[in-house]
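Visitor: Hey, dropping structure_14.txt in here, compact mmCIF, N, CA and C atoms and all ligand atoms:
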```
# COMPACT_ATOMS: atom_id res chain seq x y z
N MET A 1 99.42 71.36 33.74
CA MET A 1 100.89 71.24 33.68
C MET A 1 101.29 69.77 33.55
N ILE A 2 102.06 69.48 32.53
CA ILE A 2 102.47 68.10 32.27
C ILE A 2 103.54 67.64 33.26
N LEU A 3 104.44 68.57 33.64
CA LEU A 3 105.54 68.21 34.54
C LEU A 3 105.03 68.19 35.98
N GLN A 4 105.28 67.07 36.68
CA GLN A 4 104.72 66.91 38.02
C GLN A 4 105.68 67.28 39.14
N ARG A 5 106.96 67.13 38.87
CA ARG A 5 107.95 67.39 39.92
C ARG A 5 109.33 67.45 39.29
N LEU A 6 110.26 68.05 40.03
CA LEU A 6 111.66 67.97 39.63
C LEU A 6 112.19 66.66 40.19
N ASP A 7 112.36 65.67 39.33
CA ASP A 7 112.79 64.35 39.80
C ASP A 7 114.26 64.35 40.20
N HIS A 8 115.11 64.86 39.31
CA HIS A 8 116.54 64.91 39.65
C HIS A 8 117.30 65.88 38.77
N VAL A 9 118.46 66.27 39.29
CA VAL A 9 119.45 67.00 38.51
C VAL A 9 120.60 66.03 38.28
N GLY A 10 120.97 65.83 37.02
CA GLY A 10 122.02 64.87 36.68
C GLY A 10 123.36 65.57 36.47
N TYR A 11 124.35 65.16 37.26
CA TYR A 11 125.71 65.68 37.11
C TYR A 11 126.54 64.63 36.37
N ALA A 12 127.33 65.05 35.41
CA ALA A 12 128.36 64.18 34.84
C ALA A 12 129.64 64.39 35.63
N VAL A 13 130.22 63.31 36.13
CA VAL A 13 131.45 63.40 36.93
C VAL A 13 132.48 62.40 36.42
N GLU A 14 133.74 62.68 36.72
CA GLU A 14 134.81 61.77 36.28
C GLU A 14 135.10 60.70 37.34
N ASP A 15 134.80 61.03 38.61
CA ASP A 15 135.11 60.12 39.70
C ASP A 15 133.90 60.08 40.65
N LEU A 16 133.13 59.00 40.55
CA LEU A 16 131.88 58.91 41.30
C LEU A 16 132.10 58.96 42.81
N ASN A 17 133.09 58.21 43.29
CA ASN A 17 133.32 58.18 44.74
C ASN A 17 133.76 59.54 45.26
N ALA A 18 134.57 60.24 44.48
CA ALA A 18 135.00 61.58 44.89
C ALA A 18 133.80 62.53 44.90
N ALA A 19 132.90 62.39 43.93
CA ALA A 19 131.71 63.25 43.87
C ALA A 19 130.78 62.97 45.04
N VAL A 20 130.65 61.68 45.42
CA VAL A 20 129.84 61.32 46.59
C VAL A 20 130.47 61.91 47.84
N SER A 21 131.78 61.74 47.98
CA SER A 21 132.49 62.26 49.16
C SER A 21 132.32 63.77 49.28
N TYR A 22 132.36 64.45 48.15
CA TYR A 22 132.17 65.90 48.14
C TYR A 22 130.81 66.27 48.74
N HIS A 23 129.76 65.58 48.31
CA HIS A 23 128.41 65.86 48.80
C HIS A 23 128.25 65.46 50.27
N GLU A 24 128.93 64.39 50.68
CA GLU A 24 128.89 63.98 52.09
C GLU A 24 129.56 65.03 52.97
N ARG A 25 130.73 65.47 52.53
CA ARG A 25 131.52 66.40 53.34
C ARG A 25 130.82 67.76 53.42
N LEU A 26 130.33 68.24 52.28
CA LEU A 26 129.78 69.60 52.23
C LEU A 26 128.37 69.67 52.81
N TYR A 27 127.53 68.68 52.46
CA TYR A 27 126.11 68.78 52.78
C TYR A 27 125.62 67.73 53.77
N GLY A 28 126.52 66.82 54.18
CA GLY A 28 126.06 65.72 55.02
C GLY A 28 125.16 64.77 54.28
N ALA A 29 125.35 64.66 52.97
CA ALA A 29 124.48 63.84 52.12
C ALA A 29 124.72 62.35 52.35
N GLU A 30 123.68 61.55 52.08
CA GLU A 30 123.82 60.10 52.10
C GLU A 30 123.34 59.54 50.77
N VAL A 31 124.02 58.49 50.30
CA VAL A 31 123.63 57.87 49.04
C VAL A 31 122.36 57.04 49.26
N ALA A 32 121.33 57.30 48.46
CA ALA A 32 120.06 56.60 48.58
C ALA A 32 120.02 55.37 47.67
N HIS A 33 120.80 55.38 46.60
CA HIS A 33 120.71 54.30 45.61
C HIS A 33 121.96 54.33 44.74
N ARG A 34 122.46 53.14 44.42
CA ARG A 34 123.56 53.02 43.46
C ARG A 34 123.15 52.02 42.39
N GLU A 35 123.55 52.28 41.15
CA GLU A 35 123.19 51.36 40.07
C GLU A 35 124.14 51.58 38.90
N GLU A 36 124.42 50.50 38.17
CA GLU A 36 125.18 50.61 36.92
C GLU A 36 124.24 50.30 35.77
N MET A 37 124.18 51.22 34.79
CA MET A 37 123.34 51.02 33.61
C MET A 37 124.26 50.68 32.43
N GLU A 38 124.37 49.38 32.17
CA GLU A 38 125.31 48.89 31.16
C GLU A 38 125.01 49.51 29.79
N ALA A 39 123.73 49.59 29.44
CA ALA A 39 123.35 50.08 28.10
C ALA A 39 123.78 51.53 27.89
N ASP A 40 123.77 52.32 28.97
CA ASP A 40 124.13 53.74 28.86
C ASP A 40 125.61 53.98 29.12
N GLY A 41 126.31 52.94 29.58
CA GLY A 41 127.73 53.11 29.88
C GLY A 41 127.99 54.03 31.05
N VAL A 42 127.13 53.96 32.08
CA VAL A 42 127.31 54.81 33.27
C VAL A 42 127.02 54.01 34.54
N ARG A 43 127.64 54.47 35.64
CA ARG A 43 127.19 54.05 36.95
C ARG A 43 126.77 55.31 37.69
N GLU A 44 125.76 55.15 38.56
CA GLU A 44 125.20 56.32 39.21
C GLU A 44 125.15 56.15 40.72
N ALA A 45 125.14 57.27 41.40
CA ALA A 45 124.79 57.33 42.83
C ALA A 45 123.73 58.41 42.95
N LEU A 46 122.63 58.07 43.63
CA LEU A 46 121.54 59.02 43.85
C LEU A 46 121.60 59.52 45.28
N ILE A 47 121.53 60.83 45.42
CA ILE A 47 121.47 61.47 46.73
C ILE A 47 120.11 62.14 46.84
N ALA A 48 119.35 61.76 47.87
CA ALA A 48 118.01 62.30 48.02
C ALA A 48 118.07 63.73 48.55
N VAL A 49 117.29 64.59 47.93
CA VAL A 49 117.10 65.97 48.40
C VAL A 49 115.59 66.16 48.49
N GLY A 50 115.05 66.01 49.69
CA GLY A 50 113.59 65.99 49.82
C GLY A 50 113.05 64.82 49.00
N GLU A 51 112.11 65.10 48.08
CA GLU A 51 111.54 64.04 47.26
C GLU A 51 112.23 63.97 45.90
N SER A 52 113.30 64.73 45.73
CA SER A 52 114.05 64.73 44.48
C SER A 52 115.44 64.15 44.73
N PHE A 53 116.23 64.08 43.66
CA PHE A 53 117.57 63.50 43.77
C PHE A 53 118.61 64.35 43.05
N ILE A 54 119.83 64.25 43.55
CA ILE A 54 121.00 64.58 42.74
C ILE A 54 121.48 63.25 42.17
N GLN A 55 121.61 63.19 40.85
CA GLN A 55 122.06 61.96 40.18
C GLN A 55 123.50 62.18 39.70
N LEU A 56 124.44 61.50 40.35
CA LEU A 56 125.85 61.60 39.96
C LEU A 56 126.14 60.47 38.98
N LEU A 57 126.67 60.82 37.81
CA LEU A 57 126.89 59.85 36.73
C LEU A 57 128.35 59.81 36.34
N GLU A 58 128.93 58.62 36.40
CA GLU A 58 130.32 58.42 35.98
C GLU A 58 130.34 57.45 34.81
N PRO A 59 131.02 57.79 33.73
CA PRO A 59 131.05 56.86 32.59
C PRO A 59 131.81 55.57 32.94
N THR A 60 131.36 54.46 32.37
CA THR A 60 132.05 53.19 32.57
C THR A 60 132.87 52.79 31.35
N ARG A 61 132.76 53.55 30.28
CA ARG A 61 133.59 53.29 29.10
C ARG A 61 133.76 54.59 28.30
N ASP A 62 134.86 54.63 27.52
CA ASP A 62 135.25 55.88 26.87
C ASP A 62 134.28 56.34 25.79
N ASP A 63 133.49 55.39 25.23
CA ASP A 63 132.60 55.77 24.13
C ASP A 63 131.16 56.01 24.60
N SER A 64 130.95 56.08 25.91
CA SER A 64 129.59 56.32 26.40
C SER A 64 129.24 57.80 26.20
N PRO A 65 127.95 58.10 26.04
CA PRO A 65 127.55 59.50 25.83
C PRO A 65 128.04 60.42 26.95
N VAL A 66 128.04 59.95 28.20
CA VAL A 66 128.49 60.80 29.30
C VAL A 66 130.00 61.04 29.22
N ALA A 67 130.76 60.04 28.78
CA ALA A 67 132.21 60.24 28.59
C ALA A 67 132.46 61.28 27.51
N ARG A 68 131.71 61.20 26.42
CA ARG A 68 131.89 62.18 25.33
C ARG A 68 131.48 63.58 25.81
N TRP A 69 130.42 63.63 26.62
CA TRP A 69 129.97 64.94 27.15
C TRP A 69 131.05 65.56 28.03
N LEU A 70 131.67 64.75 28.91
CA LEU A 70 132.73 65.24 29.79
C LEU A 70 133.90 65.79 28.97
N ALA A 71 134.24 65.10 27.89
CA ALA A 71 135.34 65.55 27.03
C ALA A 71 134.99 66.88 26.38
N ARG A 72 133.74 66.99 25.88
CA ARG A 72 133.29 68.24 25.23
C ARG A 72 133.24 69.38 26.23
N ASN A 73 132.77 69.09 27.43
CA ASN A 73 132.58 70.12 28.45
C ASN A 73 133.89 70.52 29.13
N GLY A 74 134.90 69.66 29.00
CA GLY A 74 136.17 69.94 29.64
C GLY A 74 136.19 69.60 31.12
N GLY A 75 135.22 68.77 31.57
CA GLY A 75 135.18 68.36 32.97
C GLY A 75 133.76 68.19 33.43
N PRO A 76 133.58 67.99 34.74
CA PRO A 76 132.23 67.73 35.26
C PRO A 76 131.32 68.95 35.19
N GLY A 77 130.02 68.69 35.27
CA GLY A 77 129.04 69.77 35.25
C GLY A 77 127.63 69.22 35.23
N VAL A 78 126.66 70.14 35.15
CA VAL A 78 125.26 69.71 35.08
C VAL A 78 125.00 69.16 33.68
N HIS A 79 124.59 67.90 33.62
CA HIS A 79 124.42 67.18 32.35
C HIS A 79 122.99 67.20 31.85
N HIS A 80 122.03 67.02 32.77
CA HIS A 80 120.62 67.05 32.37
C HIS A 80 119.72 67.29 33.58
N VAL A 81 118.45 67.58 33.28
CA VAL A 81 117.44 67.75 34.32
C VAL A 81 116.35 66.71 34.07
N GLY A 82 115.95 66.01 35.13
CA GLY A 82 114.91 64.99 35.02
C GLY A 82 113.60 65.50 35.60
N TYR A 83 112.55 65.52 34.78
CA TYR A 83 111.24 65.95 35.24
C TYR A 83 110.32 64.74 35.40
N GLY A 84 109.63 64.66 36.51
CA GLY A 84 108.68 63.58 36.73
C GLY A 84 107.39 63.82 35.95
N VAL A 85 106.93 62.79 35.25
CA VAL A 85 105.66 62.84 34.53
C VAL A 85 104.85 61.59 34.86
N GLU A 86 103.55 61.67 34.61
CA GLU A 86 102.69 60.54 34.96
C GLU A 86 102.90 59.36 34.02
N ASP A 87 103.07 59.65 32.72
CA ASP A 87 103.18 58.59 31.70
C ASP A 87 104.15 59.07 30.62
N VAL A 88 105.32 58.45 30.55
CA VAL A 88 106.35 58.91 29.61
C VAL A 88 105.87 58.75 28.16
N GLY A 89 105.20 57.63 27.86
CA GLY A 89 104.77 57.37 26.48
C GLY A 89 103.84 58.44 25.94
N THR A 90 102.79 58.75 26.69
CA THR A 90 101.83 59.74 26.20
C THR A 90 102.44 61.15 26.23
N THR A 91 103.30 61.41 27.22
CA THR A 91 103.95 62.73 27.29
C THR A 91 104.87 62.92 26.09
N LEU A 92 105.64 61.88 25.76
CA LEU A 92 106.56 61.96 24.63
C LEU A 92 105.79 62.22 23.33
N ALA A 93 104.69 61.50 23.13
CA ALA A 93 103.88 61.68 21.92
C ALA A 93 103.30 63.10 21.87
N ASP A 94 102.84 63.57 22.99
CA ASP A 94 102.27 64.91 23.09
C ASP A 94 103.31 65.97 22.74
N LEU A 95 104.52 65.84 23.31
CA LEU A 95 105.56 66.83 23.08
C LEU A 95 106.04 66.79 21.63
N GLN A 96 106.13 65.59 21.05
CA GLN A 96 106.53 65.48 19.65
C GLN A 96 105.48 66.13 18.74
N ALA A 97 104.21 65.97 19.09
CA ALA A 97 103.13 66.60 18.32
C ALA A 97 103.24 68.13 18.39
N LYS A 98 103.85 68.62 19.47
CA LYS A 98 104.05 70.06 19.63
C LYS A 98 105.38 70.52 19.05
N GLY A 99 106.10 69.59 18.40
CA GLY A 99 107.33 69.96 17.70
C GLY A 99 108.61 69.77 18.47
N ALA A 100 108.54 69.17 19.66
CA ALA A 100 109.77 68.95 20.44
C ALA A 100 110.65 67.90 19.74
N ARG A 101 111.97 68.17 19.73
CA ARG A 101 112.92 67.19 19.20
C ARG A 101 113.27 66.21 20.31
N VAL A 102 113.38 64.95 19.95
CA VAL A 102 113.63 63.94 20.97
C VAL A 102 114.94 63.20 20.69
N VAL A 103 115.56 62.71 21.75
CA VAL A 103 116.69 61.79 21.63
C VAL A 103 116.13 60.37 21.54
N ASP A 104 115.15 60.06 22.39
CA ASP A 104 114.53 58.73 22.41
C ASP A 104 113.16 58.80 21.74
N GLU A 105 112.99 58.01 20.67
CA GLU A 105 111.70 57.97 19.98
C GLU A 105 110.65 57.24 20.83
N HIS A 106 111.14 56.35 21.69
CA HIS A 106 110.22 55.55 22.52
C HIS A 106 110.74 55.51 23.96
N PRO A 107 109.84 55.37 24.93
CA PRO A 107 110.27 55.24 26.32
C PRO A 107 111.17 54.02 26.49
N ARG A 108 112.09 54.11 27.43
CA ARG A 108 113.01 52.99 27.67
C ARG A 108 113.30 52.89 29.17
N PRO A 109 113.87 51.76 29.60
CA PRO A 109 114.13 51.59 31.03
C PRO A 109 115.20 52.55 31.53
N GLY A 110 114.98 53.16 32.68
CA GLY A 110 115.99 53.97 33.35
C GLY A 110 116.41 53.28 34.64
N SER A 111 117.07 53.99 35.51
CA SER A 111 117.51 53.38 36.77
C SER A 111 116.34 53.32 37.75
N ARG A 112 116.54 52.61 38.85
CA ARG A 112 115.57 52.38 39.94
C ARG A 112 114.17 52.02 39.43
N GLY A 113 114.09 51.29 38.30
CA GLY A 113 112.82 50.78 37.79
C GLY A 113 111.98 51.82 37.07
N CYS A 114 112.54 53.00 36.83
CA CYS A 114 111.78 54.05 36.14
C CYS A 114 111.74 53.81 34.64
N THR A 115 110.76 54.43 33.98
CA THR A 115 110.72 54.50 32.53
C THR A 115 111.08 55.93 32.15
N VAL A 116 111.97 56.08 31.15
CA VAL A 116 112.49 57.41 30.83
C VAL A 116 112.53 57.65 29.32
N ALA A 117 112.66 58.90 28.94
CA ALA A 117 112.94 59.29 27.55
C ALA A 117 113.59 60.67 27.60
N PHE A 118 114.58 60.89 26.72
CA PHE A 118 115.29 62.17 26.68
C PHE A 118 114.80 63.02 25.53
N LEU A 119 114.67 64.32 25.79
CA LEU A 119 114.40 65.32 24.75
C LEU A 119 115.73 65.93 24.33
N HIS A 120 115.82 66.36 23.09
CA HIS A 120 117.08 66.91 22.58
C HIS A 120 117.28 68.34 23.08
N PRO A 121 118.53 68.67 23.49
CA PRO A 121 118.76 70.05 23.99
C PRO A 121 118.55 71.13 22.93
N LYS A 122 118.77 70.78 21.64
CA LYS A 122 118.51 71.76 20.58
C LYS A 122 117.00 72.00 20.50
N GLY A 123 116.61 73.22 20.63
CA GLY A 123 115.18 73.53 20.63
C GLY A 123 114.58 73.42 22.02
N ALA A 124 115.42 73.12 23.04
CA ALA A 124 114.95 73.02 24.42
C ALA A 124 115.79 73.94 25.30
N LEU A 125 116.11 75.12 24.75
CA LEU A 125 116.90 76.12 25.48
C LEU A 125 118.27 75.59 25.89
N GLY A 126 118.76 74.60 25.14
CA GLY A 126 120.10 74.09 25.39
C GLY A 126 120.21 73.12 26.53
N VAL A 127 119.05 72.72 27.09
CA VAL A 127 119.07 71.81 28.24
C VAL A 127 118.61 70.41 27.82
N LEU A 128 119.43 69.43 28.15
CA LEU A 128 119.02 68.04 27.95
C LEU A 128 117.99 67.69 29.02
N VAL A 129 116.79 67.33 28.59
CA VAL A 129 115.69 67.06 29.51
C VAL A 129 115.35 65.58 29.48
N GLU A 130 115.19 65.00 30.66
CA GLU A 130 114.79 63.60 30.78
C GLU A 130 113.40 63.55 31.39
N LEU A 131 112.50 62.84 30.74
CA LEU A 131 111.17 62.58 31.31
C LEU A 131 111.26 61.30 32.13
N VAL A 132 110.75 61.33 33.36
CA VAL A 132 110.89 60.19 34.28
C VAL A 132 109.53 59.77 34.81
N GLU A 133 109.20 58.52 34.57
CA GLU A 133 107.98 57.93 35.16
C GLU A 133 108.44 56.94 36.23
N ASP A 134 108.14 57.27 37.47
CA ASP A 134 108.57 56.45 38.59
C ASP A 134 107.42 55.54 39.00
N PRO A 135 107.55 54.22 38.79
CA PRO A 135 106.43 53.31 39.08
C PRO A 135 106.01 53.35 40.55
N ALA A 136 106.96 53.62 41.45
CA ALA A 136 106.61 53.69 42.88
C ALA A 136 105.64 54.84 43.12
N LEU A 137 105.85 55.96 42.44
CA LEU A 137 104.98 57.12 42.61
C LEU A 137 103.65 56.91 41.90
N VAL A 138 103.67 56.27 40.72
CA VAL A 138 102.42 55.99 39.99
C VAL A 138 101.53 55.11 40.84
N ARG A 139 102.14 54.08 41.45
CA ARG A 139 101.37 53.18 42.31
C ARG A 139 100.81 53.92 43.53
N SER A 140 101.65 54.76 44.13
CA SER A 140 101.22 55.38 45.37
C SER A 140 100.10 56.40 45.13
N THR A 141 100.07 57.02 43.94
CA THR A 141 99.01 57.98 43.66
C THR A 141 97.76 57.26 43.20
N ALA A 142 97.91 56.01 42.70
CA ALA A 142 96.76 55.28 42.17
C ALA A 142 95.94 54.64 43.30
N THR A 143 96.58 54.43 44.43
CA THR A 143 95.86 53.76 45.52
C THR A 143 95.37 54.76 46.55
CO CO A 201 118.82 61.19 34.75
```
Could you rewrite the structure in this file as structure tokens?
Ligand code: CO
Guide:
Amino acid sequence: MILQRLDHVGYAVEDLNAAVSYHERLYGAEVAHREEMEADGVREALIAVGESFIQLLEPTRDDSPVARWLARNGGPGVHHVGYGVEDVGTTLADLQAKGARVVDEHPRPGSRGCTVAFLHPKGALGVLVELVEDPALVRSTAT
């Protein structure tokens, strides 16, 4: 099995602080990490659920992919699923060889120091899939 773990579920939201408050109030959640990814036009808050995360994503500009997704969807919702893999580069090449359509031709930097690549939802049962290589986990399994 190429997929090692469910790394995160990504929600697109219009108001990050309201989405965090919702999770705090309902589930007693705490934010584990916050980051703004300028290149993607989003800021995120990560809420740990066991060894996985809920990734709340708020667009920082109107032309960002998440802003366009929110407009198409008519509001917030589940935007993508992140699967943990050992090596994004070799996994991406392997999946492309098997005919998977990709959004990212090459691995690129994600949040919290991860390397990521997105697969296209067309041909993937309609789900936007993110491959996530977490260097902290790679290191911990290597030693
Ligand atoms: Co993600």
Visitor: Quick one: residues within 6 Å of Glu44 (chain A), all atoms listed in the file, excluding same-chain residues fewer than 3 positions away - as a compact mmCIF listing (two decimals) with N, CA and C atoms, in the coordinates of the input?
Guide:
```txt
# COMPACT_ATOMS: atom_id res chain seq x y z
N HIS A 33 120.80 55.38 46.60
CA HIS A 33 120.71 54.30 45.61
C HIS A 33 121.96 54.33 44.74
N ARG A 34 122.46 53.14 44.42
CA ARG A 34 123.56 53.02 43.46
C ARG A 34 123.15 52.02 42.39
N GLU A 35 123.55 52.28 41.15
CA GLU A 35 123.19 51.36 40.07
C GLU A 35 124.14 51.58 38.90
N GLU A 36 124.42 50.50 38.17
CA GLU A 36 125.18 50.61 36.92
C GLU A 36 124.24 50.30 35.77
N MET A 37 124.18 51.22 34.79
CA MET A 37 123.34 51.02 33.61
C MET A 37 124.26 50.68 32.43
N LEU A 56 124.44 61.50 40.35
CA LEU A 56 125.85 61.60 39.96
C LEU A 56 126.14 60.47 38.98
N LEU A 57 126.67 60.82 37.81
CA LEU A 57 126.89 59.85 36.73
C LEU A 57 128.35 59.81 36.34
N GLU A 58 128.93 58.62 36.40
CA GLU A 58 130.32 58.42 35.98
C GLU A 58 130.34 57.45 34.81
```
Visitor: All residues within 7 Å of ligand CO 201 (chain A) are required, counting all atoms listed in the file; please report them as a list of chain:residue names.
Guide: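 Every residue with an atom at most 7 Å from ligand CO 201 (chain A) is listed here: A:His8, A:Val9, A:Gly10, A:Gln55, A:His80, A:Val81, A:Gly82, A:Glu130.
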Visitor: As a ChimeraX atom specification, please: every residue in chain A that a backbone DSSP assignment puts in strand (DSSP E).
Guide: /A:5-12,31-37,42-49,52-59,77-84,108-109,115-119,129-133
Visitor: Show which residues sit within 5 Å of Val116 (chain A), as a ChimeraX atom specification. Count only N, CA and C atoms, and ignore same-chain residues fewer than 2 positions away.
Guide: /A:107-110,114,118,131-132
Visitor: Residues at most 6 Å from region 12-23 of chain A, counting all atoms listed in the file, excluding those fewer than 2 positions away in the same chain, as an NGL selection string?
Guide: :A and (10 or 25-29 or 56-59 or 76-79)
Visitor: If you measure from CA of Val49 (chain A) to CA of Glu30 (chain A), what distance in Å do you get, rounded to one decimal?
Guide: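 These atoms are spaced 9.7 Å apart.
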Visitor: What parts of chain A does DSSP call alpha helix (DSSP H)? I'd like the answer as a ChimeraX atom specification.
Guide: /A:16-27,65-73,88-97,135-142
Visitor: Let me make sure I understand: among A:Val127, A:Asp63, A:Arg5, A:His120, which one has the smallest atom-to-atom distance to Leu95 (chain A) if we use only C-alpha atoms?
Guide: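 Comparing A:Val127, A:Asp63, A:Arg5, A:His120 against Leu95 (chain A), the winner is A:His120.
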Visitor: What is the atom N of Val66 (chain A)-CA of Val42 (chain A) distance in Å, reported with one decimal?
Guide: 7.3 Å
Visitor: Out of A:Asp94, A:Asp87, A:Asp62, A:Glu38, which residue has the shortest atom-to-atom distance to Asp134 (chain A) when counting all atoms listed in the file?
Guide: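 Distance minimum relative to Asp134 (chain A) lands on A:Asp87.
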Visitor: Would you pick out the contacts of Lys122 (chain A) at 12 Å or less, using only C-alpha atoms, so that residues sharing its chain but fewer than 5 positions from it are not included, and give the list as a PDB file with N, CA and C atoms, in the frame of the given file?
Guide:
```pdb
ATOM      1  N   GLY A  99     106.100  69.590  18.400  1.00  0.00           N
ATOM      2  CA  GLY A  99     107.330  69.960  17.700  1.00  0.00           C
ATOM      3  C   GLY A  99     108.610  69.770  18.470  1.00  0.00           C
ATOM      4  N   ALA A 100     108.540  69.170  19.660  1.00  0.00           N
ATOM      5  CA  ALA A 100     109.770  68.950  20.440  1.00  0.00           C
ATOM      6  C   ALA A 100     110.650  67.900  19.740  1.00  0.00           C
ATOM      7  N   ARG A 101     111.970  68.170  19.730  1.00  0.00           N
ATOM      8  CA  ARG A 101     112.920  67.190  19.200  1.00  0.00           C
ATOM      9  C   ARG A 101     113.270  66.210  20.310  1.00  0.00           C
ATOM     10  N   VAL A 102     113.380  64.950  19.950  1.00  0.00           N
ATOM     11  CA  VAL A 102     113.630  63.940  20.970  1.00  0.00           C
ATOM     12  C   VAL A 102     114.940  63.200  20.690  1.00  0.00           C
ATOM     13  N   VAL A 103     115.560  62.710  21.750  1.00  0.00           N
ATOM     14  CA  VAL A 103     116.690  61.790  21.630  1.00  0.00           C
ATOM     15  C   VAL A 103     116.130  60.370  21.540  1.00  0.00           C
ATOM     16  N   VAL A 127     119.050  72.720  27.090  1.00  0.00           N
ATOM     17  CA  VAL A 127     119.070  71.810  28.240  1.00  0.00           C
ATOM     18  C   VAL A 127     118.610  70.410  27.820  1.00  0.00           C
ATOM     19  N   LEU A 128     119.430  69.430  28.150  1.00  0.00           N
ATOM     20  CA  LEU A 128     119.020  68.040  27.950  1.00  0.00           C
ATOM     21  C   LEU A 128     117.990  67.690  29.020  1.00  0.00           C
ATOM     22  N   VAL A 129     116.790  67.330  28.590  1.00  0.00           N
ATOM     23  CA  VAL A 129     115.690  67.060  29.510  1.00  0.00           C
ATOM     24  C   VAL A 129     115.350  65.580  29.480  1.00  0.00           C
TER      25      VAL A 129
END
```
Visitor: Kindly compute an axis-aligned box around the listed atoms of region 47-59 of chain A, allowing 8 Å on each side, and express its centre and edge lengths in Å to one decimal as JSON.
Guide:
```
{"center_x": 121.7, "center_y": 60.9, "center_z": 41.2, "size_x": 36.3, "size_y": 26.6, "size_z": 33.2}
```
